[in-house]
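Undergrad: So here's structure-v2.cif (mmCIF, C-alpha atoms and all ligand atoms).
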```
data_work
loop_
_atom_site.label_atom_id
_atom_site.label_comp_id
_atom_site.auth_asym_id
_atom_site.auth_seq_id
_atom_site.Cartn_x
_atom_site.Cartn_y
_atom_site.Cartn_z
CA MET A 1 1.32 -9.75 11.25
CA ILE A 2 -1.36 -9.43 8.60
CA ARG A 3 -3.66 -12.40 8.21
CA LEU A 4 -6.58 -12.44 5.78
CA SER A 5 -8.91 -15.44 5.82
CA GLY A 6 -11.75 -15.89 3.37
CA LEU A 7 -11.82 -12.12 2.87
CA SER A 8 -14.48 -10.81 0.47
CA LYS A 9 -16.01 -7.46 -0.41
CA ARG A 10 -19.18 -7.10 -2.41
CA TYR A 11 -20.63 -3.86 -3.78
CA GLY A 12 -24.24 -4.82 -4.40
CA SER A 13 -24.08 -7.87 -6.62
CA PHE A 14 -20.50 -7.12 -7.74
CA THR A 15 -17.70 -8.97 -5.95
CA ALA A 16 -14.60 -6.75 -5.82
CA VAL A 17 -12.58 -9.01 -3.48
CA ASP A 18 -13.29 -12.70 -3.69
CA ASN A 19 -12.38 -15.02 -0.81
CA ILE A 20 -8.75 -14.01 -0.29
CA ASP A 21 -6.40 -15.86 2.08
CA LEU A 22 -3.06 -14.24 2.80
CA ASP A 23 -0.42 -14.26 5.53
CA VAL A 24 2.24 -11.57 5.76
CA PRO A 25 4.74 -12.45 8.49
CA ARG A 26 6.62 -10.00 10.72
CA GLY A 27 9.51 -8.25 8.97
CA GLU A 28 8.22 -8.87 5.46
CA LEU A 29 7.89 -6.30 2.70
CA PHE A 30 4.97 -7.64 0.69
CA GLY A 31 4.11 -6.30 -2.78
CA PHE A 32 0.52 -6.32 -3.99
CA LEU A 33 0.16 -6.19 -7.75
CA GLY A 34 -2.70 -6.43 -10.18
CA PRO A 35 -4.45 -4.74 -13.10
CA ASN A 36 -6.61 -1.63 -12.61
CA GLY A 37 -9.82 -2.54 -10.83
CA ALA A 38 -8.43 -5.88 -9.56
CA GLY A 39 -9.30 -5.16 -5.91
CA LYS A 40 -6.01 -3.88 -4.42
CA THR A 41 -7.33 -0.64 -2.93
CA THR A 42 -10.46 -2.38 -1.67
CA THR A 43 -8.34 -5.01 0.11
CA LEU A 44 -5.95 -2.45 1.60
CA ARG A 45 -8.80 -0.27 2.82
CA MET A 46 -10.38 -3.26 4.55
CA ILE A 47 -7.04 -4.05 6.22
CA ALA A 48 -6.79 -0.44 7.36
CA GLY A 49 -10.25 -0.70 8.92
CA ILE A 50 -11.84 1.88 6.61
CA LEU A 51 -14.06 -0.54 4.68
CA ARG A 52 -16.03 -3.32 6.32
CA PRO A 53 -15.55 -6.80 4.82
CA SER A 54 -18.63 -8.58 3.43
CA ALA A 55 -17.16 -11.88 4.63
CA GLY A 56 -14.00 -13.25 6.17
CA ARG A 57 -11.53 -12.09 8.79
CA ILE A 58 -8.64 -9.67 9.06
CA GLU A 59 -6.13 -9.91 11.88
CA ILE A 60 -3.38 -7.41 12.59
CA ALA A 61 -0.84 -8.92 14.99
CA GLY A 62 -3.54 -11.39 15.98
CA ILE A 63 -6.18 -8.70 16.65
CA ASP A 64 -9.43 -8.83 14.67
CA ILE A 65 -9.91 -5.41 13.05
CA VAL A 66 -13.71 -5.69 12.96
CA LYS A 67 -14.09 -6.89 16.55
CA ASP A 68 -11.43 -4.66 18.11
CA PRO A 69 -10.74 -1.81 15.68
CA ARG A 70 -9.04 0.52 18.16
CA ALA A 71 -6.45 -2.03 19.26
CA ALA A 72 -5.80 -3.21 15.70
CA LYS A 73 -5.55 0.31 14.27
CA ALA A 74 -3.10 1.30 17.02
CA LYS A 75 -0.63 -1.09 15.35
CA LEU A 76 -1.19 0.32 11.86
CA GLY A 77 -0.04 3.12 9.65
CA PHE A 78 -1.98 3.62 6.42
CA ILE A 79 -0.97 5.60 3.33
CA PRO A 80 -4.06 5.83 1.10
CA ASP A 81 -3.95 6.34 -2.65
CA ARG A 82 -6.04 9.50 -2.41
CA PRO A 83 -5.06 11.00 0.93
CA PHE A 84 -7.00 13.62 2.79
CA ILE A 85 -4.87 16.33 4.26
CA TYR A 86 -5.81 19.46 6.20
CA GLU A 87 -4.81 22.45 4.09
CA LYS A 88 -4.72 24.87 7.00
CA LEU A 89 -2.15 22.95 9.01
CA THR A 90 1.59 23.26 8.53
CA GLY A 91 3.63 20.16 7.76
CA ALA A 92 4.91 19.95 11.34
CA GLU A 93 1.38 20.47 12.72
CA PHE A 94 -0.01 17.73 10.49
CA LEU A 95 2.56 15.20 11.76
CA ARG A 96 1.83 16.25 15.36
CA PHE A 97 -1.90 15.87 14.66
CA VAL A 98 -1.52 12.35 13.25
CA ALA A 99 0.72 11.28 16.17
CA GLY A 100 -1.97 12.67 18.47
CA LEU A 101 -4.57 10.41 16.86
CA TYR A 102 -2.38 7.54 18.06
CA GLU A 103 -2.13 9.16 21.51
CA GLN A 104 1.51 10.03 21.07
CA SER A 105 3.08 13.42 21.71
CA GLY A 106 6.13 15.08 23.19
CA ALA A 107 9.84 15.15 22.48
CA GLN A 108 9.97 11.76 20.78
CA VAL A 109 7.26 12.69 18.26
CA GLU A 110 8.92 16.08 17.61
CA HIS A 111 12.24 14.34 17.05
CA ARG A 112 10.76 11.79 14.63
CA ALA A 113 8.84 14.51 12.76
CA ARG A 114 12.03 16.54 12.34
CA GLU A 115 13.96 13.51 11.11
CA LEU A 116 11.22 12.51 8.64
CA LEU A 117 10.85 16.03 7.24
CA ALA A 118 14.64 16.26 6.87
CA LEU A 119 14.77 12.87 5.15
CA PHE A 120 12.30 14.08 2.52
CA ASP A 121 13.85 17.54 2.08
CA LEU A 122 10.84 19.24 3.68
CA GLU A 123 12.67 20.96 6.55
CA GLU A 124 12.30 24.41 5.05
CA TRP A 125 8.58 23.82 4.58
CA ARG A 126 7.79 22.47 8.04
CA ASP A 127 6.11 25.71 9.15
CA GLU A 128 4.36 26.45 5.85
CA LEU A 129 0.69 25.61 5.32
CA VAL A 130 0.02 22.38 3.43
CA GLU A 131 -2.06 24.37 0.91
CA SER A 132 1.22 25.73 -0.46
CA TYR A 133 2.73 22.24 -0.98
CA SER A 134 3.17 20.65 -4.40
CA HIS A 135 1.69 17.23 -5.19
CA GLY A 136 4.94 15.39 -4.44
CA MET A 137 5.53 17.37 -1.22
CA ARG A 138 2.05 16.37 0.00
CA GLN A 139 2.83 12.76 -0.84
CA LYS A 140 6.07 12.94 1.15
CA LEU A 141 4.22 14.45 4.11
CA ILE A 142 1.55 11.74 3.98
CA ILE A 143 4.25 9.06 3.89
CA SER A 144 5.96 10.71 6.87
CA SER A 145 2.66 10.68 8.76
CA ALA A 146 2.47 6.88 8.48
CA PHE A 147 5.87 6.54 10.13
CA VAL A 148 5.64 9.25 12.81
CA HIS A 149 4.00 6.95 15.39
CA ARG A 150 6.27 4.01 14.46
CA PRO A 151 3.53 1.46 13.82
CA GLU A 152 4.32 -2.26 13.67
CA VAL A 153 2.52 -2.59 10.35
CA ILE A 154 2.32 -0.13 7.45
CA VAL A 155 -0.21 -0.53 4.64
CA VAL A 156 0.46 1.62 1.57
CA ASP A 157 -1.49 2.12 -1.63
CA GLU A 158 0.73 3.15 -4.55
CA PRO A 159 3.21 5.24 -2.57
CA MET A 160 5.53 6.04 -5.49
CA VAL A 161 2.98 8.05 -7.50
CA GLY A 162 4.19 11.62 -7.91
CA LEU A 163 7.57 11.18 -6.25
CA ASP A 164 10.73 12.40 -7.96
CA PRO A 165 13.54 9.84 -8.43
CA LYS A 166 15.40 10.96 -5.32
CA ALA A 167 12.29 10.75 -3.11
CA ALA A 168 11.40 7.36 -4.64
CA LYS A 169 14.89 6.08 -3.77
CA ILE A 170 14.60 7.42 -0.21
CA LEU A 171 11.20 5.77 0.16
CA LYS A 172 12.55 2.42 -1.05
CA ASP A 173 15.46 2.63 1.40
CA LEU A 174 13.08 3.62 4.21
CA PHE A 175 10.75 0.67 3.50
CA ARG A 176 13.69 -1.76 3.37
CA GLU A 177 15.25 -0.48 6.57
CA TYR A 178 11.91 -0.40 8.39
CA THR A 179 11.17 -4.04 7.57
CA ARG A 180 14.77 -5.06 8.33
CA ARG A 181 14.10 -3.83 11.86
CA GLY A 182 11.16 -6.18 12.23
CA HIS A 183 8.25 -4.01 11.06
CA THR A 184 5.90 -5.26 8.36
CA ILE A 185 4.85 -3.46 5.17
CA MET A 186 2.23 -4.33 2.58
CA MET A 187 2.32 -2.08 -0.48
CA SER A 188 0.46 -1.99 -3.75
CA THR A 189 2.29 -0.73 -6.79
CA HIS A 190 2.13 -0.68 -10.56
CA THR A 191 5.88 -0.23 -10.81
CA LEU A 192 7.03 -3.77 -11.47
CA GLU A 193 10.70 -2.86 -11.18
CA VAL A 194 10.05 -1.58 -7.66
CA ALA A 195 8.17 -4.72 -6.68
CA GLN A 196 10.80 -6.99 -8.17
CA SER A 197 13.80 -5.27 -6.60
CA LEU A 198 12.25 -4.34 -3.26
CA CYS A 199 9.69 -6.87 -2.10
CA ASP A 200 10.37 -10.13 -0.27
CA ARG A 201 7.19 -11.66 -1.68
CA ILE A 202 4.66 -10.57 -4.26
CA GLY A 203 0.96 -11.33 -4.62
CA ILE A 204 -0.82 -10.83 -7.93
CA ILE A 205 -4.55 -10.16 -7.70
CA GLN A 206 -6.91 -10.22 -10.64
CA ALA A 207 -10.70 -9.84 -10.57
CA GLY A 208 -10.65 -10.04 -6.77
CA LYS A 209 -8.74 -13.33 -6.57
CA ILE A 210 -5.08 -13.98 -5.76
CA ARG A 211 -3.69 -15.50 -8.95
CA ALA A 212 -0.16 -16.08 -7.69
CA CYS A 213 1.78 -15.39 -4.54
CA GLY A 214 5.39 -15.97 -3.54
CA THR A 215 8.99 -14.95 -4.05
CA MET A 216 10.16 -14.06 -7.54
CA ASP A 217 11.48 -17.63 -7.91
CA GLU A 218 8.14 -19.09 -6.88
CA LEU A 219 6.26 -16.79 -9.26
CA ARG A 220 8.50 -17.90 -12.11
CA GLN A 221 7.44 -21.47 -11.43
CA ASP A 222 3.77 -20.43 -11.29
CA ALA A 223 3.88 -18.69 -14.64
CA GLU A 224 4.48 -20.74 -17.73
CA ALA A 225 8.01 -21.80 -18.57
CA GLY A 226 10.03 -19.00 -20.10
CA ALA A 227 8.60 -16.19 -17.96
CA THR A 228 11.54 -14.59 -16.18
CA GLY A 229 11.10 -10.89 -15.38
CA LEU A 230 8.14 -9.72 -13.35
CA GLU A 231 6.60 -7.89 -16.31
CA HIS A 232 6.59 -11.09 -18.32
CA ILE A 233 5.13 -13.09 -15.39
CA PHE A 234 2.53 -10.41 -14.66
CA LEU A 235 1.34 -10.26 -18.26
CA LYS A 236 1.30 -14.05 -18.53
CA LEU A 237 -0.92 -14.28 -15.46
CA THR A 238 -3.20 -11.36 -16.24
CA GLY A 239 -3.48 -11.44 -20.05
CA GLU A 240 -0.89 -9.99 -22.36
CA ASN A 241 -2.28 -9.41 -25.80
CA ALA A 242 -4.78 -6.63 -25.22
CA ALA A 243 -2.83 -3.85 -26.96
CA ARG A 244 -2.01 -5.96 -30.02
CA GLU A 245 -5.62 -7.09 -30.31
CA LEU A 246 -6.83 -3.49 -30.04
CA VAL A 247 -4.50 -2.30 -32.76
CA GLU A 248 -5.72 -5.15 -34.96
CA VAL A 249 -9.30 -3.95 -34.43
CA LEU A 250 -8.34 -0.33 -35.16
CA ASP A 251 -6.47 -1.39 -38.32
CA ALA A 252 -9.30 -3.56 -39.63
N1 LIG B 1 -17.52 2.19 -3.73
C1 LIG B 1 -17.59 1.32 -4.73
N2 LIG B 1 -18.77 0.96 -5.26
C2 LIG B 1 -18.85 0.07 -6.27
N3 LIG B 1 -17.80 -0.53 -6.83
C3 LIG B 1 -16.59 -0.21 -6.35
C4 LIG B 1 -16.41 0.72 -5.28
N4 LIG B 1 -15.08 0.83 -5.02
C5 LIG B 1 -14.47 0.00 -5.89
N5 LIG B 1 -15.36 -0.63 -6.68
C6 LIG B 1 -15.06 -1.62 -7.73
O1 LIG B 1 -14.29 -2.66 -7.15
C7 LIG B 1 -13.29 -3.10 -8.07
C8 LIG B 1 -11.93 -3.04 -7.40
O2 LIG B 1 -11.57 -1.68 -7.21
P1 LIG B 1 -10.20 -1.27 -6.51
O3 LIG B 1 -10.22 0.20 -6.33
O4 LIG B 1 -10.02 -2.11 -5.30
O5 LIG B 1 -9.15 -1.71 -7.63
P2 LIG B 1 -7.55 -1.51 -7.66
O6 LIG B 1 -6.96 -2.88 -7.80
O7 LIG B 1 -7.10 -0.69 -6.52
O8 LIG B 1 -7.35 -0.74 -9.05
P3 LIG B 1 -6.31 0.43 -9.47
O9 LIG B 1 -5.06 -0.28 -9.91
O10 LIG B 1 -6.99 1.07 -10.63
O11 LIG B 1 -6.12 1.33 -8.31
C9 LIG B 1 -13.42 -2.23 -9.32
O12 LIG B 1 -14.17 -2.94 -10.27
C10 LIG B 1 -14.20 -1.02 -8.82
O13 LIG B 1 -15.01 -0.49 -9.85
MG MG B 2 -6.23 1.15 -6.37
#
```
The structure in this file should be written as structure tokens.
TA:
Amino acid sequence: MIRLSGLSKRYGSFTAVDNIDLDVPRGELFGFLGPNGAGKTTTLRMIAGILRPSAGRIEIAGIDIVKDPRAAKAKLGFIPDRPFIYEKLTGAEFLRFVAGLYEQSGAQVEHRARELLALFDLEEWRDELVESYSHGMRQKLIISSAFVHRPEVIVVDEPMVGLDPKAAKILKDLFREYTRRGHTIMMSTHTLEVAQSLCDRIGIIQAGKIRACGTMDELRQDAEAGATGLEHIFLKLTGENAARELVEVLDA
């Protein structure tokens, strides 16, 4: 459902994403991991059609997002890491507005919006302006907006940030159930426990390149012998001694 071939993004002479190949099949929950600045957001924004690739191809359900952005975006929901949200709309109006962007309206949209707001404990706030929402409430509304038009593919950039434990649990259940029903989700996260327990496959990106990709079992084989948990594997693949080395410098 998501196919990246030879995907690169350069900012001037700096290469943020470097010749990535990746296939995420239908029904998969794919986790995208990597250190700060590795190129996760850049990759996800290219998949969502917000950033133009410098080289390579992106296909969503076989549709090239650069050649046919409208058709490809119609299949997509995107949850950005720094979402924009209209302060002067109510929660219910915002969901209606987003559905409208996807040319959907009517009883079905209203029903889904009600169900999503109820799921995230936002029912009582549905008719309040977004400007009165807390950080976590905004995040829950943004997440709801990616589901309200029931896209085949959802791309999410660090969705857990700011969510309380109950909302994080609901989100995990929602992602699992959505992919179980044949939809596809690609999510970036820094929460290794979430990636390990939730995702079917995990890709680790570092300095714009995919360093490892596969199921937890496959990643264990990729990392050196002895690496078992995802934290151990992640640190093995991306460099593990930075803090100790820093303390040694500070102590010297
Ligand atoms: N508009 C831009 N202009 C120049 N460089 C950029 C731009 N956007 C991102 N970069 C650079 O591209 C690299 C990848 O950034 P990106 O935001 O994709 O990382 P990330 O993996 O999402 O990191 P984080 O975990 O911190 O969110 C970084 O070195 C960043 O400085
Ligand atoms: Mg990022």
Undergrad: Would you please work out which residue, of A:Asp18, A:Ser134, A:Glu158, A:Asp127, is nearest to ligand MG 2 (chain B) when using all atoms listed in the file?
TA: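 Closest candidate: A:Glu158.
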Undergrad: Taking only residues of chain A that have an atom at most 10 Å from an atom of ligand LIG 1 (chain B), what is each one's shortest atom pair and its distance in Å to one decimal, using all atoms listed in the file, in chain and number order, as CSV?
TA:
```
residue,atom,partner,partner_atom,distance
A:Lys9,CA,B:LIG1,O1,8.5
A:Arg10,CA,B:LIG1,N3,8.0
A:Tyr11,CA,B:LIG1,C2,5.0
A:Gly12,CA,B:LIG1,C2,7.5
A:Ser13,CA,B:LIG1,C2,9.5
A:Phe14,CA,B:LIG1,N3,7.2
A:Thr15,CA,B:LIG1,O1,7.3
A:Ala16,CA,B:LIG1,O1,4.3
A:Val17,CA,B:LIG1,C8,7.2
A:Phe32,CA,B:LIG1,O6,9.1
A:Leu33,CA,B:LIG1,O6,7.9
A:Gly34,CA,B:LIG1,O6,6.0
A:Pro35,CA,B:LIG1,O9,5.5
A:Asn36,CA,B:LIG1,O10,3.4
A:Gly37,CA,B:LIG1,O5,3.4
A:Ala38,CA,B:LIG1,O6,3.8
A:Gly39,CA,B:LIG1,O4,3.2
A:Lys40,CA,B:LIG1,O6,3.7
A:Thr41,CA,B:LIG1,O7,3.6
A:Thr42,CA,B:LIG1,O4,3.7
A:Thr43,CA,B:LIG1,O4,6.4
A:Leu44,CA,B:LIG1,O4,8.0
A:Arg45,CA,B:LIG1,O4,8.4
A:Met46,CA,B:LIG1,O4,9.9
A:Leu51,CA,B:LIG1,N1,9.5
A:Asp81,CA,B:LIG1,O11,7.9
A:Asp157,CA,B:LIG1,O7,8.0
A:Glu158,CA,B:LIG1,O11,8.0
A:Ser188,CA,B:LIG1,O7,8.2
A:Thr189,CA,B:LIG1,O9,8.0
A:His190,CA,B:LIG1,O9,7.2
A:Ile205,CA,B:LIG1,O6,7.7
A:Gln206,CA,B:LIG1,O6,7.9
A:Ala207,CA,B:LIG1,C8,7.6
A:Gly208,CA,B:LIG1,C8,7.1
```
Undergrad: Looking at only C-alpha atoms and all ligand atoms, which of A:Tyr133, A:Ala118, A:Leu89, A:Val161 is the one that sits closest to ligand MG 2 (chain B)?
TA: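 Closest to ligand MG 2 (chain B) of all the choices is A:Val161.
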Undergrad: Ranking A:Ile142, A:Leu7, A:Val156, A:Leu76 by minimum distance to ligand MG 2 (chain B) and counting all atoms listed in the file, which one comes first?
TA: A:Val156
Undergrad: Which residue is closest to ligand MG 2 (chain B)? Choose from A:Ala74, A:Leu174, A:Met187, A:Ala252 and count all atoms listed in the file.
TA: A:Met187
Undergrad: Could you tell me how far CA of Val148 (chain A) lies from CA of Gly62 (chain A), in Å and to one decimal?
TA: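 These atoms are spaced 22.8 Å apart.
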Undergrad: Saving region 137-159 of chain A with N, CA and C atoms, as a PDB file, in the first residue's frame, what would that file be?
TA:
```
ATOM      1  N   MET A 137      -5.985  17.221  24.308  1.00  0.00           N
ATOM      2  CA  MET A 137      -7.299  17.222  23.643  1.00  0.00           C
ATOM      3  C   MET A 137      -7.143  17.566  22.159  1.00  0.00           C
ATOM      4  N   ARG A 138      -6.263  18.511  21.860  1.00  0.00           N
ATOM      5  CA  ARG A 138      -5.998  18.848  20.444  1.00  0.00           C
ATOM      6  C   ARG A 138      -5.442  17.635  19.715  1.00  0.00           C
ATOM      7  N   GLN A 139      -4.503  16.950  20.387  1.00  0.00           N
ATOM      8  CA  GLN A 139      -3.883  15.779  19.770  1.00  0.00           C
ATOM      9  C   GLN A 139      -4.946  14.720  19.479  1.00  0.00           C
ATOM     10  N   LYS A 140      -5.874  14.526  20.411  1.00  0.00           N
ATOM     11  CA  LYS A 140      -6.925  13.531  20.208  1.00  0.00           C
ATOM     12  C   LYS A 140      -7.854  13.941  19.061  1.00  0.00           C
ATOM     13  N   LEU A 141      -8.087  15.242  18.930  1.00  0.00           N
ATOM     14  CA  LEU A 141      -8.937  15.724  17.831  1.00  0.00           C
ATOM     15  C   LEU A 141      -8.237  15.538  16.481  1.00  0.00           C
ATOM     16  N   ILE A 142      -6.933  15.834  16.454  1.00  0.00           N
ATOM     17  CA  ILE A 142      -6.166  15.647  15.218  1.00  0.00           C
ATOM     18  C   ILE A 142      -6.163  14.174  14.804  1.00  0.00           C
ATOM     19  N   ILE A 143      -5.975  13.296  15.793  1.00  0.00           N
ATOM     20  CA  ILE A 143      -5.985  11.861  15.499  1.00  0.00           C
ATOM     21  C   ILE A 143      -7.358  11.477  14.938  1.00  0.00           C
ATOM     22  N   SER A 144      -8.409  11.968  15.581  1.00  0.00           N
ATOM     23  CA  SER A 144      -9.765  11.667  15.094  1.00  0.00           C
ATOM     24  C   SER A 144      -9.941  12.123  13.653  1.00  0.00           C
ATOM     25  N   SER A 145      -9.348  13.272  13.318  1.00  0.00           N
ATOM     26  CA  SER A 145      -9.529  13.831  11.977  1.00  0.00           C
ATOM     27  C   SER A 145      -8.881  12.959  10.900  1.00  0.00           C
ATOM     28  N   ALA A 146      -7.893  12.148  11.290  1.00  0.00           N
ATOM     29  CA  ALA A 146      -7.257  11.263  10.299  1.00  0.00           C
ATOM     30  C   ALA A 146      -8.103  10.023  10.038  1.00  0.00           C
ATOM     31  N   PHE A 147      -9.027   9.733  10.968  1.00  0.00           N
ATOM     32  CA  PHE A 147      -9.866   8.547  10.812  1.00  0.00           C
ATOM     33  C   PHE A 147     -11.250   8.868  10.259  1.00  0.00           C
ATOM     34  N   VAL A 148     -11.650  10.147  10.304  1.00  0.00           N
ATOM     35  CA  VAL A 148     -13.063  10.480  10.070  1.00  0.00           C
ATOM     36  C   VAL A 148     -13.499  10.165   8.634  1.00  0.00           C
ATOM     37  N   HIS A 149     -12.555  10.174   7.694  1.00  0.00           N
ATOM     38  CA  HIS A 149     -12.918   9.824   6.307  1.00  0.00           C
ATOM     39  C   HIS A 149     -12.522   8.390   5.962  1.00  0.00           C
ATOM     40  N   ARG A 150     -12.154   7.621   6.960  1.00  0.00           N
ATOM     41  CA  ARG A 150     -11.806   6.200   6.813  1.00  0.00           C
ATOM     42  C   ARG A 150     -10.863   5.923   5.656  1.00  0.00           C
ATOM     43  N   PRO A 151      -9.666   6.537   5.684  1.00  0.00           N
ATOM     44  CA  PRO A 151      -8.717   6.322   4.593  1.00  0.00           C
ATOM     45  C   PRO A 151      -8.133   4.909   4.621  1.00  0.00           C
ATOM     46  N   GLU A 152      -7.660   4.456   3.470  1.00  0.00           N
ATOM     47  CA  GLU A 152      -7.051   3.124   3.397  1.00  0.00           C
ATOM     48  C   GLU A 152      -5.697   3.111   4.101  1.00  0.00           C
ATOM     49  N   VAL A 153      -5.008   4.258   4.050  1.00  0.00           N
ATOM     50  CA  VAL A 153      -3.660   4.344   4.606  1.00  0.00           C
ATOM     51  C   VAL A 153      -3.593   5.527   5.576  1.00  0.00           C
ATOM     52  N   ILE A 154      -3.014   5.307   6.755  1.00  0.00           N
ATOM     53  CA  ILE A 154      -2.796   6.418   7.682  1.00  0.00           C
ATOM     54  C   ILE A 154      -1.301   6.537   7.953  1.00  0.00           C
ATOM     55  N   VAL A 155      -0.806   7.762   7.846  1.00  0.00           N
ATOM     56  CA  VAL A 155       0.604   8.057   8.103  1.00  0.00           C
ATOM     57  C   VAL A 155       0.638   8.965   9.326  1.00  0.00           C
ATOM     58  N   VAL A 156       1.352   8.552  10.374  1.00  0.00           N
ATOM     59  CA  VAL A 156       1.337   9.318  11.622  1.00  0.00           C
ATOM     60  C   VAL A 156       2.734   9.563  12.139  1.00  0.00           C
ATOM     61  N   ASP A 157       2.973  10.813  12.550  1.00  0.00           N
ATOM     62  CA  ASP A 157       4.277  11.227  13.047  1.00  0.00           C
ATOM     63  C   ASP A 157       4.179  11.445  14.557  1.00  0.00           C
ATOM     64  N   GLU A 158       4.715  10.524  15.314  1.00  0.00           N
ATOM     65  CA  GLU A 158       4.759  10.599  16.780  1.00  0.00           C
ATOM     66  C   GLU A 158       3.396  10.898  17.409  1.00  0.00           C
ATOM     67  N   PRO A 159       2.451   9.973  17.225  1.00  0.00           N
ATOM     68  CA  PRO A 159       1.087  10.245  17.695  1.00  0.00           C
ATOM     69  C   PRO A 159       0.911  10.210  19.205  1.00  0.00           C
TER      70      PRO A 159
END
```
